[in-house]
file entry07.cif (mmCIF, C-alpha atoms and all ligand atoms)
data_upload
#
loop_
_atom_site.label_atom_id
_atom_site.label_comp_id
_atom_site.auth_asym_id
_atom_site.auth_seq_id
_atom_site.Cartn_x
_atom_site.Cartn_y
_atom_site.Cartn_z
CA ARG L 1 23.09 -34.85 92.86
CA SER L 2 24.10 -31.75 90.98
CA ASN L 3 24.94 -34.23 88.23
CA SER L 4 21.32 -35.00 87.34
CA PRO L 5 20.85 -34.38 83.61
CA THR L 6 17.79 -32.56 82.42
CA LEU L 7 16.07 -33.76 79.32
CA ALA L 8 16.72 -30.35 77.77
CA ARG L 9 20.45 -30.79 78.20
CA THR L 10 20.25 -34.24 76.66
CA MET L 11 18.21 -32.96 73.73
CA ALA L 12 20.77 -30.31 73.02
CA THR L 13 23.51 -32.86 72.88
CA VAL L 14 22.20 -35.66 70.75
CA SER L 15 21.97 -34.03 67.38
CA SER L 16 25.48 -35.20 66.51
CA ASN L 17 27.76 -37.93 67.75
CA GLN L 18 29.85 -35.35 69.54
CA ASN L 19 28.39 -32.81 71.96
CA SER L 20 29.53 -29.34 72.86
CA ASP L 21 31.81 -30.75 75.59
CA ASN L 22 33.58 -32.82 72.92
CA LYS L 23 32.09 -35.99 74.32
CA ARG L 24 30.93 -38.79 72.09
CA LYS L 25 27.57 -40.45 72.49
CA LEU L 26 27.68 -43.72 74.40
CA ILE L 27 25.90 -46.37 72.33
CA VAL L 28 24.06 -48.64 74.74
CA PHE L 29 23.65 -52.11 73.23
CA ASP L 30 21.34 -54.17 75.40
CA THR L 31 21.65 -57.95 75.21
CA THR L 32 19.25 -58.90 78.02
CA LEU L 33 17.14 -60.86 75.53
CA ARG L 34 20.12 -62.75 74.06
CA ASP L 35 23.13 -63.09 76.37
CA GLY L 36 20.89 -62.33 79.38
CA GLU L 37 18.58 -65.16 78.41
CA GLN L 38 21.63 -67.43 78.44
CA SER L 39 21.42 -67.32 82.25
CA PRO L 40 20.99 -70.88 83.50
CA GLY L 41 17.32 -71.66 84.05
CA VAL L 42 15.96 -68.61 82.24
CA THR L 43 13.54 -68.86 79.32
CA LEU L 44 11.36 -66.00 78.23
CA ASN L 45 8.36 -66.50 75.97
CA THR L 46 7.72 -64.28 72.95
CA GLU L 47 5.18 -62.03 74.68
CA GLU L 48 7.55 -61.48 77.60
CA LYS L 49 10.40 -60.66 75.22
CA ILE L 50 8.28 -58.14 73.34
CA ALA L 51 7.18 -56.53 76.62
CA ILE L 52 10.81 -56.19 77.77
CA ALA L 53 11.93 -54.91 74.36
CA ARG L 54 9.26 -52.19 74.49
CA GLU L 55 10.54 -50.98 77.85
CA LEU L 56 14.14 -51.09 76.63
CA SER L 57 13.16 -48.95 73.67
CA LYS L 58 11.47 -46.41 75.97
CA LEU L 59 14.50 -46.52 78.27
CA GLY L 60 16.47 -45.19 75.30
CA VAL L 61 18.86 -48.05 74.52
CA ASP L 62 20.43 -47.66 71.09
CA VAL L 63 20.54 -51.33 70.10
CA ILE L 64 18.46 -54.28 71.29
CA GLU L 65 20.00 -57.67 70.63
CA ALA L 66 16.69 -59.46 70.49
CA GLY L 67 17.95 -63.03 70.25
CA PHE L 68 19.78 -65.71 68.28
CA PRO L 69 17.29 -66.50 65.47
CA GLN L 70 18.96 -69.75 64.38
CA ALA L 71 18.82 -71.13 67.93
CA SER L 72 15.14 -72.16 67.74
CA PRO L 73 11.90 -71.36 65.87
CA GLY L 74 10.71 -69.56 69.02
CA ASP L 75 13.78 -67.33 69.07
CA PHE L 76 13.34 -66.53 65.37
CA GLN L 77 9.70 -65.65 65.94
CA ALA L 78 10.49 -63.41 68.92
CA VAL L 79 13.22 -61.50 67.06
CA ARG L 80 10.97 -61.04 64.04
CA ARG L 81 8.07 -59.73 66.09
CA ILE L 82 10.36 -57.37 68.01
CA ALA L 83 11.71 -56.07 64.68
CA GLU L 84 8.16 -55.50 63.43
CA GLU L 85 6.57 -54.15 66.62
CA VAL L 86 9.36 -52.48 68.59
CA GLY L 87 11.65 -51.59 65.66
CA PRO L 88 9.55 -48.57 64.57
CA MET L 89 8.68 -47.34 68.12
CA MET L 90 9.46 -43.70 68.95
CA GLU L 91 7.66 -43.46 72.33
CA GLY L 92 10.05 -42.04 74.92
CA ARG L 93 12.78 -41.60 72.30
CA GLU L 94 11.82 -38.16 71.04
CA HIS L 95 15.01 -36.70 72.55
CA ILE L 96 17.09 -39.25 70.65
CA GLY L 97 15.38 -38.68 67.35
CA SER L 98 15.48 -42.25 66.01
CA PRO L 99 14.12 -45.69 66.87
CA THR L 100 16.29 -48.40 68.37
CA THR L 101 18.31 -50.74 66.16
CA ILE L 102 17.12 -54.35 66.32
CA CYS L 103 19.94 -56.86 66.18
CA GLY L 104 20.09 -60.63 65.73
CA LEU L 105 23.08 -62.83 66.59
CA ALA L 106 24.58 -65.31 64.12
CA ARG L 107 27.61 -67.58 64.12
CA CYS L 108 29.89 -67.17 61.09
CA VAL L 109 27.73 -69.73 59.33
CA GLU L 110 25.69 -68.96 56.22
CA GLY L 111 22.43 -70.46 57.53
CA ASP L 112 22.65 -68.49 60.78
CA ILE L 113 23.29 -65.25 58.95
CA ARG L 114 20.43 -65.62 56.48
CA ARG L 115 18.07 -66.53 59.32
CA ALA L 116 19.20 -63.56 61.40
CA TYR L 117 18.64 -61.22 58.46
CA GLU L 118 15.13 -62.61 57.86
CA ALA L 119 14.33 -62.00 61.51
CA VAL L 120 15.56 -58.40 61.79
CA LYS L 121 14.96 -56.96 58.34
CA ALA L 122 11.52 -55.49 59.14
CA ALA L 123 13.02 -53.04 61.64
CA PRO L 124 13.75 -49.60 60.15
CA LYS L 125 17.20 -49.89 61.77
CA HIS L 126 18.61 -53.41 61.88
CA ARG L 127 21.88 -55.17 62.48
CA ILE L 128 23.42 -58.61 62.04
CA HIS L 129 25.92 -59.42 64.80
CA THR L 130 28.18 -62.24 63.69
CA PHE L 131 30.90 -63.86 65.78
CA LEU L 132 33.78 -66.28 65.44
CA ALA L 133 36.24 -67.35 68.11
CA THR L 134 39.83 -66.13 67.71
CA SER L 135 41.71 -67.47 70.73
CA ASP L 136 44.07 -70.37 70.09
CA ILE L 137 42.23 -72.38 72.76
CA HIS L 138 38.96 -72.07 70.85
CA LEU L 139 40.53 -72.50 67.40
CA LYS L 140 42.32 -75.67 68.42
CA HIS L 141 39.80 -77.39 70.69
CA LYS L 142 36.39 -76.07 69.67
CA LEU L 143 36.50 -75.06 66.01
CA LYS L 144 39.51 -77.19 65.00
CA ILE L 145 40.58 -74.68 62.37
CA SER L 146 43.77 -72.69 61.73
CA ARG L 147 44.14 -68.93 62.09
CA GLU L 148 44.14 -68.65 58.27
CA ASP L 149 40.84 -70.57 58.06
CA CYS L 150 39.45 -68.32 60.76
CA ILE L 151 40.26 -65.15 58.79
CA GLU L 152 38.89 -66.62 55.59
CA ARG L 153 35.62 -67.66 57.24
CA ALA L 154 35.18 -64.33 59.03
CA VAL L 155 35.77 -62.28 55.86
CA LYS L 156 33.44 -64.46 53.80
CA MET L 157 30.63 -64.27 56.35
CA VAL L 158 30.95 -60.55 57.04
CA THR L 159 30.82 -60.00 53.27
CA LEU L 160 27.59 -62.03 53.19
CA CYS L 161 26.13 -59.99 56.07
CA LYS L 162 26.98 -56.76 54.29
CA SER L 163 25.42 -57.95 51.03
CA LEU L 164 22.18 -58.69 52.91
CA VAL L 165 21.85 -55.50 54.96
CA GLY L 166 23.13 -53.20 52.19
CA ASP L 167 23.07 -49.55 53.17
CA VAL L 168 19.93 -49.92 55.29
CA GLY L 169 21.30 -52.07 58.11
CA ASP L 170 24.76 -52.60 59.54
CA VAL L 171 27.14 -55.36 60.54
CA GLU L 172 28.85 -56.05 63.85
CA PHE L 173 31.66 -58.57 64.24
CA SER L 174 32.87 -60.15 67.49
CA PRO L 175 36.08 -62.16 67.84
CA GLU L 176 34.80 -64.48 70.56
CA ASP L 177 37.21 -64.92 73.49
CA ALA L 178 39.11 -61.81 72.37
CA GLY L 179 40.21 -61.42 76.00
CA ARG L 180 42.43 -64.51 75.58
CA SER L 181 43.34 -63.99 71.90
CA ASP L 182 46.72 -62.93 70.56
CA PRO L 183 46.43 -59.15 69.94
CA GLU L 184 48.59 -59.40 66.79
CA PHE L 185 46.09 -61.89 65.33
CA LEU L 186 43.21 -59.60 66.33
CA TYR L 187 44.76 -56.63 64.47
CA GLU L 188 44.91 -58.75 61.35
CA ILE L 189 41.45 -60.36 61.43
CA LEU L 190 39.69 -57.19 62.56
CA GLY L 191 41.37 -55.16 59.80
CA ARG L 192 40.11 -57.70 57.27
CA VAL L 193 36.49 -57.71 58.54
CA ILE L 194 36.45 -53.91 58.50
CA GLU L 195 37.43 -54.09 54.83
CA ALA L 196 34.61 -56.61 54.30
CA GLY L 197 31.98 -54.23 55.73
CA ALA L 198 31.82 -54.56 59.53
CA THR L 199 31.26 -51.15 61.11
CA THR L 200 31.10 -52.18 64.79
CA LEU L 201 33.93 -54.23 66.29
CA ASN L 202 32.93 -55.78 69.57
CA ILE L 203 35.63 -57.14 71.88
CA PRO L 204 34.27 -59.90 74.12
CA ASP L 205 36.02 -60.88 77.30
CA THR L 206 33.94 -64.02 76.94
CA VAL L 207 35.14 -65.76 80.09
CA GLY L 208 35.52 -62.65 82.28
CA TYR L 209 39.28 -63.17 82.58
CA ARG L 210 40.71 -59.68 82.11
CA THR L 211 41.42 -57.02 84.72
CA PRO L 212 40.40 -53.40 84.05
CA SER L 213 43.92 -52.25 83.14
CA GLN L 214 44.41 -55.25 80.82
CA TYR L 215 41.05 -54.83 79.10
CA GLY L 216 41.51 -51.06 78.71
CA GLU L 217 44.97 -51.68 77.25
CA LEU L 218 43.53 -54.21 74.79
CA ILE L 219 40.98 -51.68 73.50
CA ARG L 220 43.67 -49.00 73.25
CA LYS L 221 46.03 -51.27 71.28
CA LEU L 222 43.29 -52.52 68.95
CA ARG L 223 42.28 -48.97 68.12
CA LYS L 224 45.89 -48.04 67.50
CA ASN L 225 47.01 -51.02 65.44
CA THR L 226 43.99 -52.29 63.51
CA PRO L 227 43.91 -51.04 59.91
CA GLY L 228 40.79 -48.91 59.37
CA SER L 229 40.13 -48.65 63.10
CA GLN L 230 39.32 -44.93 63.02
CA ASP L 231 36.27 -45.53 60.80
CA VAL L 232 34.49 -48.03 63.07
CA ILE L 233 32.80 -48.17 66.43
CA TRP L 234 34.66 -50.09 69.15
CA SER L 235 32.49 -51.94 71.58
CA THR L 236 32.96 -53.63 74.96
CA HIS L 237 31.41 -56.96 75.95
CA CYS L 238 32.47 -58.09 79.41
CA HIS L 239 31.51 -61.02 81.59
CA ASN L 240 31.54 -60.91 85.35
CA ASP L 241 33.37 -64.09 86.38
CA LEU L 242 35.77 -62.16 88.62
CA GLY L 243 33.29 -59.40 89.45
CA MET L 244 35.08 -56.97 87.15
CA ALA L 245 32.64 -56.60 84.25
CA THR L 246 31.57 -53.04 85.07
CA SER L 247 35.13 -51.86 85.77
CA ASN L 248 36.40 -53.51 82.60
CA THR L 249 33.67 -51.87 80.54
CA LEU L 250 34.47 -48.47 82.02
CA ALA L 251 38.17 -49.05 81.29
CA GLY L 252 37.14 -49.78 77.69
CA ILE L 253 35.27 -46.46 77.54
CA GLU L 254 38.28 -44.60 78.92
CA ASN L 255 40.32 -46.12 76.12
CA GLY L 256 38.02 -45.14 73.29
CA ALA L 257 35.16 -47.67 73.14
CA THR L 258 31.88 -45.89 72.45
CA GLN L 259 29.52 -48.89 72.49
CA VAL L 260 28.87 -51.01 75.59
CA GLU L 261 27.13 -54.39 75.57
CA VAL L 262 25.16 -54.79 78.76
CA THR L 263 22.14 -56.47 80.35
CA VAL L 264 19.51 -55.34 82.83
CA ASN L 265 20.54 -56.45 86.35
CA GLY L 266 23.75 -57.86 84.79
CA ILE L 267 22.09 -61.20 84.01
CA GLY L 268 23.82 -63.62 81.64
CA GLU L 269 25.94 -66.77 81.29
CA ARG L 270 27.56 -67.97 84.56
CA ALA L 271 28.24 -64.87 86.70
CA GLY L 272 26.54 -62.67 84.12
CA ASN L 273 27.28 -59.74 81.82
CA THR L 274 28.05 -56.11 82.55
CA SER L 275 25.10 -54.43 84.21
CA LEU L 276 23.44 -51.72 82.13
CA GLU L 277 22.44 -49.59 85.11
CA GLU L 278 25.89 -49.68 86.73
CA VAL L 279 27.70 -48.49 83.61
CA VAL L 280 25.22 -45.76 82.76
CA MET L 281 25.10 -44.42 86.33
CA SER L 282 28.92 -44.43 86.50
CA VAL L 283 29.09 -42.31 83.34
CA HIS L 284 26.22 -40.18 84.67
CA THR L 285 27.83 -39.59 88.06
CA HIS L 286 31.39 -39.05 86.79
CA ARG L 287 30.84 -36.74 83.86
CA SER L 288 34.33 -35.32 84.08
CA VAL L 289 35.99 -38.75 84.04
CA TYR L 290 34.46 -40.43 80.98
CA PRO L 291 34.71 -39.05 77.43
CA VAL L 292 31.08 -39.97 76.60
CA TYR L 293 27.53 -38.80 77.34
CA HIS L 294 24.39 -40.96 77.48
CA THR L 295 20.75 -40.53 76.44
CA ILE L 296 19.19 -43.10 78.76
CA ASN L 297 16.09 -42.30 80.83
CA THR L 298 17.68 -43.42 84.10
CA LYS L 299 14.39 -43.03 86.01
CA MET L 300 13.26 -46.28 84.40
CA PHE L 301 16.06 -48.35 85.94
CA VAL L 302 14.20 -49.61 89.00
CA PRO L 303 10.91 -50.44 87.21
CA ILE L 304 12.67 -52.25 84.36
CA SER L 305 14.90 -54.12 86.81
CA ARG L 306 11.79 -55.40 88.65
CA MET L 307 10.14 -56.38 85.38
CA VAL L 308 13.16 -58.38 84.18
CA SER L 309 13.55 -59.99 87.59
CA ASP L 310 9.88 -61.02 87.71
CA MET L 311 9.85 -62.42 84.18
CA THR L 312 13.18 -64.26 84.39
CA GLY L 313 12.76 -65.40 87.98
CA MET L 314 16.28 -64.11 88.66
CA VAL L 315 16.19 -62.42 92.05
CA VAL L 316 18.19 -59.20 92.37
CA GLN L 317 20.55 -59.36 95.34
CA PRO L 318 19.49 -56.73 97.94
CA ASN L 319 22.88 -54.96 97.87
CA LYS L 320 23.11 -54.85 94.06
CA PRO L 321 24.24 -51.32 93.08
CA ILE L 322 21.54 -49.01 91.68
CA VAL L 323 18.59 -51.44 91.64
CA GLY L 324 19.02 -53.64 94.73
CA ARG L 325 16.42 -53.23 97.48
CA ASN L 326 19.07 -51.79 99.84
CA ALA L 327 20.97 -49.67 97.31
CA PHE L 328 19.61 -46.40 98.70
CA LEU L 329 18.57 -47.46 102.21
CA HIS L 330 20.33 -46.08 105.28
CA GLN L 331 20.39 -48.28 108.35
CA SER L 332 22.71 -46.81 110.95
CA GLY L 333 21.54 -43.98 113.19
CA ILE L 334 24.54 -41.86 112.26
CA HIS L 335 23.86 -42.19 108.53
CA GLN L 336 20.13 -41.63 108.97
CA ASP L 337 20.77 -38.47 110.96
CA GLY L 338 23.17 -37.30 108.22
CA VAL L 339 20.79 -37.85 105.30
CA ILE L 340 17.91 -36.22 107.16
CA LYS L 341 20.09 -33.12 107.59
CA ASN L 342 21.40 -33.27 104.04
CA PRO L 343 21.13 -36.31 101.70
CA GLU L 344 24.54 -35.54 100.18
CA THR L 345 26.19 -36.65 103.42
CA TYR L 346 25.71 -40.30 102.45
CA GLU L 347 24.25 -40.32 98.93
CA ILE L 348 26.31 -39.93 95.75
CA MET L 349 23.28 -40.26 93.50
CA ASN L 350 19.76 -38.95 93.82
CA PRO L 351 17.57 -42.07 94.35
CA ALA L 352 14.79 -40.43 92.30
CA ASP L 353 17.16 -40.34 89.30
CA VAL L 354 17.04 -44.14 89.07
CA GLY L 355 13.35 -44.45 89.87
CA VAL L 356 13.45 -45.06 93.63
CA THR L 357 10.28 -43.58 95.09
CA THR L 358 10.22 -45.08 98.58
CA SER L 359 11.82 -43.79 101.79
CA ASN L 360 15.59 -44.04 102.03
CA ILE L 361 15.50 -44.74 105.77
CA SER L 362 15.29 -48.30 107.06
CA LEU L 363 14.07 -48.19 110.64
CA GLY L 364 15.78 -50.70 112.93
CA LYS L 365 17.62 -50.98 116.21
CA LEU L 366 20.39 -48.62 115.05
CA SER L 367 17.98 -45.83 114.16
CA GLY L 368 18.04 -42.64 116.17
CA ARG L 369 15.24 -40.43 117.50
CA ASN L 370 15.54 -38.06 114.53
CA ALA L 371 14.81 -40.77 111.99
CA VAL L 372 11.87 -42.12 114.00
CA ARG L 373 10.44 -38.63 114.45
CA GLN L 374 10.75 -37.93 110.72
CA ARG L 375 8.90 -41.10 109.75
CA LEU L 376 6.18 -40.43 112.33
CA ASN L 377 5.79 -36.92 110.91
CA GLU L 378 5.45 -38.41 107.42
CA LEU L 379 2.75 -40.71 108.78
CA GLY L 380 0.80 -37.70 110.05
CA TYR L 381 1.94 -37.53 113.70
CA THR L 382 2.92 -33.89 113.93
CA GLY L 383 2.49 -30.92 116.29
CA SER L 384 0.20 -31.67 119.20
CA SER L 385 -0.39 -35.28 118.04
CA LEU L 386 3.30 -35.97 118.70
CA SER L 387 4.24 -34.22 121.93
CA ASP L 388 7.79 -34.54 123.29
CA ASP L 389 6.51 -36.84 126.04
CA LEU L 390 4.74 -39.11 123.57
CA LEU L 391 7.82 -39.27 121.36
CA LYS L 392 9.97 -40.20 124.37
CA ILE L 393 7.76 -43.15 125.30
CA ALA L 394 7.26 -44.18 121.67
CA PHE L 395 10.98 -44.08 120.94
CA ALA L 396 11.76 -46.31 123.94
CA ARG L 397 9.11 -48.78 122.78
CA PHE L 398 10.43 -48.55 119.21
CA LYS L 399 13.89 -49.66 120.41
CA GLU L 400 12.38 -52.70 122.20
CA VAL L 401 10.42 -53.69 119.10
CA ALA L 402 13.44 -53.15 116.81
CA ASP L 403 15.67 -55.25 119.06
CA HIS L 404 13.38 -58.23 118.65
CA LYS L 405 12.61 -57.92 114.94
CA LYS L 406 14.71 -59.50 112.21
CA THR L 407 13.13 -57.21 109.61
CA PRO L 408 12.81 -53.38 109.53
CA VAL L 409 10.18 -51.69 111.72
CA THR L 410 7.24 -51.00 109.42
CA ASP L 411 4.69 -48.19 109.29
CA GLN L 412 2.16 -50.62 110.71
CA ASP L 413 4.48 -51.22 113.67
CA LEU L 414 4.83 -47.47 114.20
CA HIS L 415 1.06 -46.95 114.32
CA ALA L 416 0.81 -49.71 116.92
CA ILE L 417 3.69 -48.23 118.92
CA ILE L 418 1.99 -44.82 118.99
CA SER L 419 -1.35 -46.12 120.17
CA GLU L 420 0.31 -48.28 122.82
CA SER L 421 2.45 -45.33 123.97
CA ARG L 422 -0.59 -43.05 124.18
CA SER L 423 -2.30 -45.50 126.53
CA LYS L 424 0.73 -45.32 128.84
CA MET L 425 0.66 -41.54 129.18
O1 LIG M 501 30.61 -63.52 75.36
C1 LIG M 501 30.68 -63.62 74.13
O2 LIG M 501 31.74 -63.88 73.55
C2 LIG M 501 29.46 -63.44 73.37
C3 LIG M 501 29.61 -63.31 71.90
C4 LIG M 501 28.61 -64.12 71.17
C5 LIG M 501 29.57 -61.86 71.51
O3 LIG M 501 28.40 -63.32 73.93
ZN ZN M 502 28.71 -62.82 76.07
#
call {"tool": "encode", "arguments": {"input": "entry07.cif", "output": "structure tokens"}}
result
Amino acid sequence: RSNSPTLARTMATVSSNQNSDNKRKLIVFDTTLRDGEQSPGVTLNTEEKIAIARELSKLGVDVIEAGFPQASPGDFQAVRRIAEEVGPMMEGREHIGSPTTICGLARCVEGDIRRAYEAVKAAPKHRIHTFLATSDIHLKHKLKISREDCIERAVKMVTLCKSLVGDVGDVEFSPEDAGRSDPEFLYEILGRVIEAGATTLNIPDTVGYRTPSQYGELIRKLRKNTPGSQDVIWSTHCHNDLGMATSNTLAGIENGATQVEVTVNGIGERAGNTSLEEVVMSVHTHRSVYPVYHTINTKMFVPISRMVSDMTGMVVQPNKPIVGRNAFLHQSGIHQDGVIKNPETYEIMNPADVGVTTSNISLGKLSGRNAVRQRLNELGYTGSSLSDDLLKIAFARFKEVADHKKTPVTDQDLHAIISESRSKM
């Protein structure tokens, strides 16, 4: 709770990439509209994508990967409109001082790259993100090319990207399936694409295979052994197949990555991508652990989570950290009594910091008298309208009702319990 940042503190820290605590700014790269849309069964139309992109810009994300323009005319159109309409937006970003970068994905294929550039170029800050697989499994079975061919293609295509964006935009390169690629090969190919003009090197654990210590080690080694590594931004891109995407991303940050690729609610291919809200709140809550600071308006997490869930039809599991319905709800009487006395007893984050505005107490059969009294007080039953005798009868009735209900006891239920209890006095 004492960790809550004030906007003033944030404003003081964003003027350079390094703040007064020697922390580097965490670049939040949101790919809800690209990798997130790769969730089975999800398709967003252009208007929905623009609406989400607007909220992401206000949230303060640094880069929006708006889509894969070569994938379809609709995707191209959506990326182009986001570049035109959201690219220049400054609303909610005054403390950051610049608009968000609009990015389009492209395979290392000339047609993809030219199309991506056409789609993003209207944004004042734009990026082409190009990728090519580097693991032997992908080279042999999917691309059917040698490592030498892979380097040649990557260098040629990054050079093309750079020639298109010039000094206005920038280029990101991803060695797809880096998590299962030979690190020695990665040092070589990444060194060559840096020379060709890539300024962000993103390291995808495409199939969510790595553990946190392995992924952290990979980032550390790449930074140490890749020629030119000190002049570029290292980025994480983790998938959640083993439920380790957030931990892997945080391990990447501990080992020097300063960009994280994430999605709202962690949506994405298969088990999804790293969840934006989990990473940012981890950095936010553990300021002394991570060598980065963020400029995200965390109070928007719950509203934007609901919006993405509604538009994609992907339901957020109730116990999902940060944005799940139960994430800040206390059910047992002991916990409820604790948080009523002092929220810090069972809360490590202030619910208001992530946009939770409703009560943190879920009334059910485990609830104690204290919790019931507090809710009744909030509903207006105070002083003489809630005598000790009335509370005694109402609490007994509350327990009977709670025992028979499968869902929490609602305010409506409490009003009914009070009027019934009054008639028994
Ligand atoms: O998971 C992955 O490898 C990707 C790349 C296209 C960056 O999404
Ligand atoms: Zn991915």
call {"tool": "residues_near_ligand", "arguments": {"input": "entry07.cif", "ligand": "ligand LIG 501 (chain M)", "cutoff": "9 Å", "atoms": "all atoms listed in the file", "output": "PDB file with C-alpha atoms, in the frame of the given file"}}
result
ATOM      1  CA  THR L  31      21.650 -57.950  75.210  1.00  0.00           C
ATOM      2  CA  ARG L  34      20.120 -62.750  74.060  1.00  0.00           C
ATOM      3  CA  ASP L  35      23.130 -63.090  76.370  1.00  0.00           C
ATOM      4  CA  LEU L 105      23.080 -62.830  66.590  1.00  0.00           C
ATOM      5  CA  ALA L 106      24.580 -65.310  64.120  1.00  0.00           C
ATOM      6  CA  ARG L 107      27.610 -67.580  64.120  1.00  0.00           C
ATOM      7  CA  HIS L 129      25.920 -59.420  64.800  1.00  0.00           C
ATOM      8  CA  THR L 130      28.180 -62.240  63.690  1.00  0.00           C
ATOM      9  CA  PHE L 131      30.900 -63.860  65.780  1.00  0.00           C
ATOM     10  CA  LEU L 132      33.780 -66.280  65.440  1.00  0.00           C
ATOM     11  CA  ALA L 133      36.240 -67.350  68.110  1.00  0.00           C
ATOM     12  CA  PHE L 173      31.660 -58.570  64.240  1.00  0.00           C
ATOM     13  CA  SER L 174      32.870 -60.150  67.490  1.00  0.00           C
ATOM     14  CA  PRO L 175      36.080 -62.160  67.840  1.00  0.00           C
ATOM     15  CA  GLU L 176      34.800 -64.480  70.560  1.00  0.00           C
ATOM     16  CA  ASP L 177      37.210 -64.920  73.490  1.00  0.00           C
ATOM     17  CA  ALA L 178      39.110 -61.810  72.370  1.00  0.00           C
ATOM     18  CA  ASN L 202      32.930 -55.780  69.570  1.00  0.00           C
ATOM     19  CA  ILE L 203      35.630 -57.140  71.880  1.00  0.00           C
ATOM     20  CA  PRO L 204      34.270 -59.900  74.120  1.00  0.00           C
ATOM     21  CA  ASP L 205      36.020 -60.880  77.300  1.00  0.00           C
ATOM     22  CA  THR L 206      33.940 -64.020  76.940  1.00  0.00           C
ATOM     23  CA  VAL L 207      35.140 -65.760  80.090  1.00  0.00           C
ATOM     24  CA  GLY L 208      35.520 -62.650  82.280  1.00  0.00           C
ATOM     25  CA  HIS L 237      31.410 -56.960  75.950  1.00  0.00           C
ATOM     26  CA  CYS L 238      32.470 -58.090  79.410  1.00  0.00           C
ATOM     27  CA  HIS L 239      31.510 -61.020  81.590  1.00  0.00           C
ATOM     28  CA  GLU L 261      27.130 -54.390  75.570  1.00  0.00           C
ATOM     29  CA  GLY L 268      23.820 -63.620  81.640  1.00  0.00           C
ATOM     30  CA  GLU L 269      25.940 -66.770  81.290  1.00  0.00           C
ATOM     31  CA  ASN L 273      27.280 -59.740  81.820  1.00  0.00           C
TER      32      ASN L 273
END
call {"tool": "closest_residue", "arguments": {"input": "entry07.cif", "among": "L:Ile219, L:Gly169, L:His138, L:Val28", "to": "Gly104 of chain L", "atoms": "only C-alpha atoms"}}
result
L:Gly169
call {"tool": "closest_residue", "arguments": {"input": "entry07.cif", "among": "L:Val409, L:Ile64, L:Ala245, L:Met425", "to": "ligand ZN 502 (chain M)", "atoms": "all atoms listed in the file"}}
result
L:Ala245
call {"tool": "atom_distance", "arguments": {"input": "entry07.cif", "atom1": "atom CA of Asp149 of chain L", "atom2": "atom CA of Cys108 of chain L"}}
result
11.9 Å
call {"tool": "residues_around", "arguments": {"input": "entry07.cif", "residues": "segment 262-265 of chain L", "least_positions_apart": "4", "cutoff": "6 Å", "atoms": "only C-alpha atoms", "output": "PyMOL selection string"}}
result
chain L and resi 30-32+274-276
call {"tool": "closest_residue", "arguments": {"input": "entry07.cif", "among": "L:Cys150, L:Ala119, L:Ala396, L:Ile334", "to": "Ile102 of chain L", "atoms": "all atoms listed in the file"}}
result
L:Ala119
call {"tool": "atom_distance", "arguments": {"input": "entry07.cif", "atom1": "atom CA of Glu84 of chain L", "atom2": "atom CA of Cys103 of chain L"}}
result
12.2 Å
